[in-house]
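Coordinates as given in protein_13.txt (compact mmCIF, C-alpha atoms and all ligand atoms):
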```txt
# COMPACT_ATOMS: atom_id res chain seq x y z
CA MET A 483 -4.88 6.45 19.91
CA THR A 484 -4.68 8.89 17.05
CA ASN A 485 -6.86 8.52 14.01
CA GLN A 486 -5.70 10.30 10.91
CA THR A 487 -5.97 10.01 7.20
CA GLU A 488 -3.70 11.28 4.49
CA LYS A 489 -5.13 13.23 1.59
CA PHE A 490 -3.81 13.04 -1.97
CA GLU A 491 -1.60 16.05 -2.26
CA GLN A 492 1.19 17.70 -4.18
CA PRO A 493 4.71 16.37 -3.61
CA ASP A 494 6.44 17.78 -0.56
CA ALA A 495 10.08 16.79 -0.23
CA THR A 496 10.17 17.76 3.42
CA ARG A 497 7.10 15.92 4.54
CA ARG A 498 7.72 12.82 6.59
CA ASP A 499 5.63 9.69 6.47
CA PHE A 500 3.41 9.02 9.43
CA LEU A 501 1.89 5.79 10.48
CA LEU A 502 -1.82 6.30 10.67
CA THR A 503 -4.73 4.22 11.78
CA ALA A 504 -8.26 3.72 10.65
CA ALA A 505 -11.06 3.84 13.17
CA GLY A 506 -11.36 0.42 14.70
CA ALA A 507 -7.87 -0.72 13.84
CA MET A 508 -6.19 -2.64 16.65
CA THR A 509 -2.94 -0.81 16.66
CA ALA A 510 -1.07 2.06 18.19
CA VAL A 511 0.21 4.99 16.19
CA GLY A 512 2.50 7.93 16.44
CA ALA A 513 5.69 6.48 15.02
CA ILE A 514 7.47 8.48 12.37
CA ALA A 515 9.76 6.71 9.99
CA THR A 516 11.84 6.85 6.89
CA ALA A 517 13.14 3.29 6.97
CA TRP A 518 12.01 -0.14 8.09
CA PRO A 519 12.12 -1.74 10.62
CA PHE A 520 11.67 1.04 13.12
CA ILE A 521 9.02 0.12 15.67
CA ASP A 522 10.64 -0.75 18.97
CA ASN A 523 7.85 0.01 21.41
CA LEU A 524 4.86 -2.09 20.47
CA ASN A 525 1.84 -1.99 22.73
CA PRO A 526 -0.02 -5.21 23.58
CA ALA A 527 -2.40 -4.89 20.66
CA ALA A 528 0.52 -4.50 18.30
CA ASP A 529 2.16 -7.54 19.85
CA VAL A 530 -0.90 -9.49 18.82
CA LEU A 531 -0.47 -8.18 15.32
CA ALA A 532 3.17 -9.13 15.28
CA ALA A 533 2.15 -12.67 16.09
CA GLY A 534 0.12 -12.73 12.93
CA ALA A 535 -3.49 -12.29 14.06
CA PRO A 536 -5.78 -10.80 11.42
CA VAL A 537 -6.85 -7.23 12.01
CA ASP A 538 -10.18 -5.69 11.04
CA VAL A 539 -10.14 -2.16 9.66
CA ASP A 540 -13.18 0.09 9.33
CA ILE A 541 -12.77 1.94 6.05
CA SER A 542 -16.16 3.67 6.07
CA LYS A 543 -14.57 7.04 6.83
CA VAL A 544 -11.84 6.82 4.20
CA GLN A 545 -12.88 9.24 1.50
CA GLY A 546 -11.93 8.98 -2.15
CA GLY A 547 -8.39 10.24 -2.50
CA GLN A 548 -7.33 9.32 1.02
CA LYS A 549 -4.82 6.82 2.36
CA ILE A 550 -4.64 5.25 5.80
CA THR A 551 -1.92 3.05 7.20
CA VAL A 552 -2.42 0.27 9.74
CA LEU A 553 0.07 -2.09 11.31
CA TRP A 554 -0.15 -5.78 10.66
CA ARG A 555 2.61 -8.19 11.65
CA SER A 556 4.64 -5.07 12.47
CA ARG A 557 4.42 -3.94 8.88
CA PRO A 558 2.72 -0.80 7.54
CA ILE A 559 -0.25 -1.69 5.38
CA PHE A 560 -1.39 1.07 3.05
CA ILE A 561 -5.11 1.26 2.26
CA VAL A 562 -5.90 3.77 -0.48
CA HIS A 563 -9.37 4.77 -1.62
CA ARG A 564 -8.79 5.44 -5.31
CA THR A 565 -10.96 7.90 -7.20
CA PRO A 566 -12.49 7.20 -10.64
CA PRO A 567 -9.88 9.43 -12.38
CA ALA A 568 -7.12 7.52 -10.58
CA LEU A 569 -8.57 4.23 -11.80
CA ASP A 570 -8.76 5.60 -15.35
CA MET A 571 -5.11 6.54 -15.13
CA LEU A 572 -4.14 3.00 -14.17
CA GLN A 573 -5.51 1.70 -17.46
CA GLN A 574 -3.94 4.21 -19.82
CA ALA A 575 -1.49 2.59 -22.21
CA ARG A 576 1.01 5.45 -21.93
CA ASP A 577 1.33 4.87 -18.22
CA VAL A 578 1.35 1.07 -18.39
CA ASP A 579 4.38 1.38 -20.71
CA LEU A 580 6.28 3.04 -17.88
CA LEU A 581 5.96 -0.01 -15.64
CA ALA A 582 8.35 -2.92 -15.11
CA ASP A 583 5.68 -5.54 -14.39
CA PRO A 584 2.30 -4.13 -15.39
CA GLU A 585 0.66 -7.56 -15.50
CA SER A 586 1.90 -8.54 -12.04
CA THR A 587 3.65 -11.65 -13.33
CA VAL A 588 6.03 -11.76 -10.35
CA LEU A 589 4.43 -13.33 -7.30
CA GLN A 590 3.95 -10.18 -5.28
CA GLN A 591 0.24 -10.65 -4.69
CA PRO A 592 -2.38 -13.38 -4.23
CA GLU A 593 -4.29 -14.59 -7.25
CA TYR A 594 -7.32 -12.50 -6.35
CA ALA A 595 -5.25 -9.34 -6.67
CA ARG A 596 -3.52 -10.24 -9.92
CA ASN A 597 -5.44 -7.84 -12.12
CA TRP A 598 -5.01 -4.32 -13.49
CA HIS A 599 -5.96 -2.72 -10.16
CA ARG A 600 -4.11 -5.28 -7.98
CA SER A 601 -6.95 -5.54 -5.51
CA ILE A 602 -10.29 -7.16 -4.75
CA LYS A 603 -12.33 -4.02 -5.31
CA PRO A 604 -10.88 -1.54 -7.82
CA GLU A 605 -11.49 1.46 -5.58
CA TYR A 606 -9.47 0.08 -2.63
CA LEU A 607 -5.76 -0.67 -2.85
CA VAL A 608 -4.23 -2.71 0.00
CA VAL A 609 -0.44 -3.16 -0.04
CA VAL A 610 2.52 -3.59 2.27
CA GLY A 611 4.05 -0.12 2.39
CA ILE A 612 7.70 -1.15 2.27
CA CYS A 613 9.86 -0.34 -0.76
CA THR A 614 11.12 -3.50 -2.48
CA HIS A 615 14.57 -1.94 -2.90
CA LEU A 616 16.00 -1.56 0.59
CA GLY A 617 12.94 -1.25 2.77
CA CYS A 618 12.14 2.45 3.13
CA ILE A 619 8.54 3.55 3.36
CA PRO A 620 7.28 5.14 0.14
CA ARG A 621 5.01 8.14 0.41
CA LEU A 622 1.80 8.78 -1.47
CA GLU A 623 2.20 11.28 -4.29
CA ALA A 624 -1.14 10.84 -5.95
CA THR A 625 -1.40 14.05 -7.92
CA PRO A 626 -0.14 13.71 -11.51
CA GLY A 627 2.72 15.96 -12.54
CA GLY A 628 4.13 18.32 -9.93
CA SER A 629 7.73 18.13 -8.81
CA LEU A 630 7.99 14.51 -9.97
CA GLY A 631 7.73 15.62 -13.60
CA SER A 632 5.06 16.03 -16.22
CA SER A 633 4.99 12.29 -16.96
CA TRP A 634 4.26 11.41 -13.33
CA PRO A 635 0.82 9.73 -13.33
CA GLY A 636 0.42 9.68 -9.54
CA GLY A 637 1.44 6.90 -7.20
CA PHE A 638 4.04 6.24 -4.52
CA PHE A 639 7.51 7.75 -4.35
CA CYS A 640 10.33 6.34 -2.23
CA PRO A 641 12.57 9.21 -1.11
CA CYS A 642 15.52 7.01 -0.19
CA HIS A 643 16.74 6.24 -3.72
CA GLY A 644 13.94 7.50 -5.93
CA SER A 645 11.90 4.40 -6.68
CA ARG A 646 8.44 5.02 -8.07
CA TYR A 647 5.24 3.01 -8.10
CA ASP A 648 1.89 3.81 -9.65
CA LEU A 649 -1.43 3.87 -7.77
CA ALA A 650 -1.68 0.09 -8.11
CA ALA A 651 1.76 -0.07 -6.43
CA ARG A 652 3.35 -1.35 -9.66
CA VAL A 653 7.01 -0.41 -9.88
CA PHE A 654 8.31 1.80 -12.69
CA LYS A 655 11.03 0.74 -15.10
CA GLY A 656 14.53 2.09 -14.47
CA VAL A 657 14.29 2.60 -10.71
CA PRO A 658 16.22 0.75 -7.98
CA ALA A 659 13.23 -1.20 -6.67
CA PRO A 660 12.89 -4.51 -8.52
CA TYR A 661 9.31 -5.51 -7.74
CA ASN A 662 5.79 -4.24 -7.24
CA LEU A 663 4.77 -3.60 -3.64
CA PRO A 664 3.37 -6.78 -2.07
CA VAL A 665 -0.35 -7.30 -1.54
CA PRO A 666 -1.05 -9.00 1.81
CA PRO A 667 -3.84 -11.53 2.30
CA TYR A 668 -7.07 -9.68 2.98
CA ARG A 669 -10.79 -9.86 2.43
CA PHE A 670 -13.93 -7.83 2.99
CA VAL A 671 -15.97 -9.00 5.95
CA LYS A 672 -18.47 -6.18 5.27
CA ASP A 673 -18.66 -3.56 2.54
CA THR A 674 -16.82 -1.16 4.81
CA VAL A 675 -14.67 -3.52 6.89
CA LEU A 676 -11.45 -5.07 5.68
CA ARG A 677 -9.79 -8.01 7.39
CA ILE A 678 -6.04 -7.91 6.87
CA GLY A 679 -4.35 -11.29 7.17
CA GLU A 680 -7.12 -13.55 5.93
CA ASN A 681 -7.85 -14.71 2.37
CA PRO A 682 -11.33 -14.70 0.82
CA PRO A 683 -12.79 -17.99 -0.38
CA GLY A 684 -12.10 -18.90 -4.00
CA PRO A 685 -8.93 -18.59 -6.13
CA GLY A 686 -6.03 -17.67 -3.87
CA ALA A 687 -7.71 -18.86 -0.69
CA ASP A 688 -4.51 -20.75 0.19
CA PHE A 689 -2.25 -17.74 -0.40
CA ASP A 690 0.58 -17.55 2.11
CA LEU A 691 2.49 -14.32 2.63
CA ARG A 692 5.71 -16.34 2.77
CA SER A 693 5.36 -17.11 -0.94
CA ILE A 694 5.89 -13.45 -1.83
CA VAL A 695 9.13 -12.98 -3.79
CA GLN A 696 10.18 -9.73 -2.08
CA LEU A 697 8.44 -8.70 1.10
S1 LIG B 1 14.68 1.85 -0.42
FE1 LIG B 1 13.20 2.68 -1.77
S2 LIG B 1 14.40 3.32 -3.43
FE2 LIG B 1 15.84 2.43 -2.13
```

Would you put the structure from the file into structure tokens?
Amino acid sequence: MTNQTEKFEQPDATRRDFLLTAAGAMTAVGAIATAWPFIDNLNPAADVLAAGAPVDVDISKVQGGQKITVLWRSRPIFIVHRTPPALDMLQQARDVDLLADPESTVLQQPEYARNWHRSIKPEYLVVVGICTHLGCIPRLEATPGGSLGSSWPGGFFCPCHGSRYDLAARVFKGVPAPYNLPVPPYRFVKDTVLRIGENPPGPGADFDLRSIVQL
């Protein structure tokens, strides 16, 4: 098993997206992909995931500014540890104006993630890493500006047809992708352990992934 994390970095048009795992995640890694679906050699643990079992992820080693990817139900789940400046950026009016659905009105997330940061805890984003256009895997381009232009606030960029999402995975206006990236059911079982595939108690506790508009 390979454990890797991905650091916020400047855009790199040649860099490919890797599936990564967090320590303790129940899944194999090593696949490289530009489109979905692509995994054709699941190990037994991944078979369990494909069947829908929740997966616990230790996020204690994920530093601010890093992203990890785990597999759940054969889908890449992005977990991003957002920094305070990144959270500030999410709330700036100039950047919210760039977004197609800044209030998350379309059902692309459970109720407990329908907020400005689209998550349970502001510092941790958890989303299905599949572009809502035609299913490519967006890459993290967290640094503002750079080759994506001076107005780029940081977020996810899909290289297939140029769709853009901010660091709350909210889709920009005027790009091919129609919806924000989906938020899967998840909860914190400890401060540093996420359980993907299980809702927390309270509003949204009955959330079912099948109710997502575009998965
Ligand atoms: S699949 Fe992402 S922009 Fe087309």

TODO: Please check which protein, DNA or RNA residues sit within 12 Å of ligand LIG 1 (chain B), counting only C-alpha atoms and all ligand atoms, and write them as a ChimeraX atom specification.
DONE: /A:516-519,611-621,638-647,653-654,656-663

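Coordinates place CA of Pro536 (chain A) at a distance of 19.5 Å from CA of Pro685 (chain A).
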
Compile a residue-level contact table for region 618-679 of chain A against region 572-576 of chain A at a cut-off of 9 Å, reporting for every qualifying residue the shortest atom pair and its distance in Å to one decimal, with all atoms listed in the file counted, rows ordered by chain and ascending number, as CSV.
```
residue,atom,partner,partner_atom,distance
A:Pro635,CA,A:Leu572,CA,8.4
A:Asp648,CA,A:Leu572,CA,7.6
A:Leu649,CA,A:Leu572,CA,7.0
A:Ala650,CA,A:Leu572,CA,7.2
```

- [ ] Give me, please, the distance in Å between CA of Pro682 (chain A) and CA of Arg596 (chain A), quoted to one decimal.
- [x]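 Taking CA of Pro682 (chain A) as the start and CA of Arg596 (chain A) as the end point, the length is 14.0 Å.
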
Task: Among listed residues A:Ile541, A:Leu589, A:Ala651, A:Val675, nearest Val609 (chain A) (using all atoms listed in the file) - done: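 The answer is A:Ala651, which sits nearest to Val609 (chain A).
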
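Note that the spacing between CA of Leu607 (chain A) and CA of Phe560 (chain A) amounts to 7.5 Å.
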
Taking all atoms listed in the file into account, produce a table as a tab-separated table in which each residue of region 535-633 of chain A with an atom at most 9 Å from an atom of region 690-693 of chain A appears once, together with its shortest atom pair and the distance in Å to one decimal, ordered by chain and rising number.
```
residue	atom	partner	partner_atom	distance
A:Leu589	CA	A:Ser693	CA	7.5
A:Gln590	CA	A:Ser693	CA	8.3
A:Gln591	CA	A:Leu691	CA	8.5
A:Pro592	CA	A:Asp690	CA	8.1
```

Open item on the list: So that I can check the surroundings of Ile559 (chain A), please list as a PyMOL selection string every protein, DNA and RNA residue that reaches within 9 Å of it, counting all atoms listed in the file and ignoring chain neighbours fewer than 2 positions away.
Closed with: chain A and resi 550-554+557+561+608-612+665-666+678

Task: Selection near Gly546 (chain A), 7 Å with all atoms listed in the file, sequence-local residues under 2 positions removed, as a PyMOL selection string - done: chain A and resi 544+548+563-565

Please save C-alpha atoms of the selected residues as a PDB file, in the frame of the given file.
```pdb
ATOM      1  CA  VAL A 544     -11.840   6.820   4.200  1.00  0.00           C
ATOM      2  CA  GLN A 548      -7.330   9.320   1.020  1.00  0.00           C
ATOM      3  CA  HIS A 563      -9.370   4.770  -1.620  1.00  0.00           C
ATOM      4  CA  ARG A 564      -8.790   5.440  -5.310  1.00  0.00           C
ATOM      5  CA  THR A 565     -10.960   7.900  -7.200  1.00  0.00           C
TER       6      THR A 565
END
```
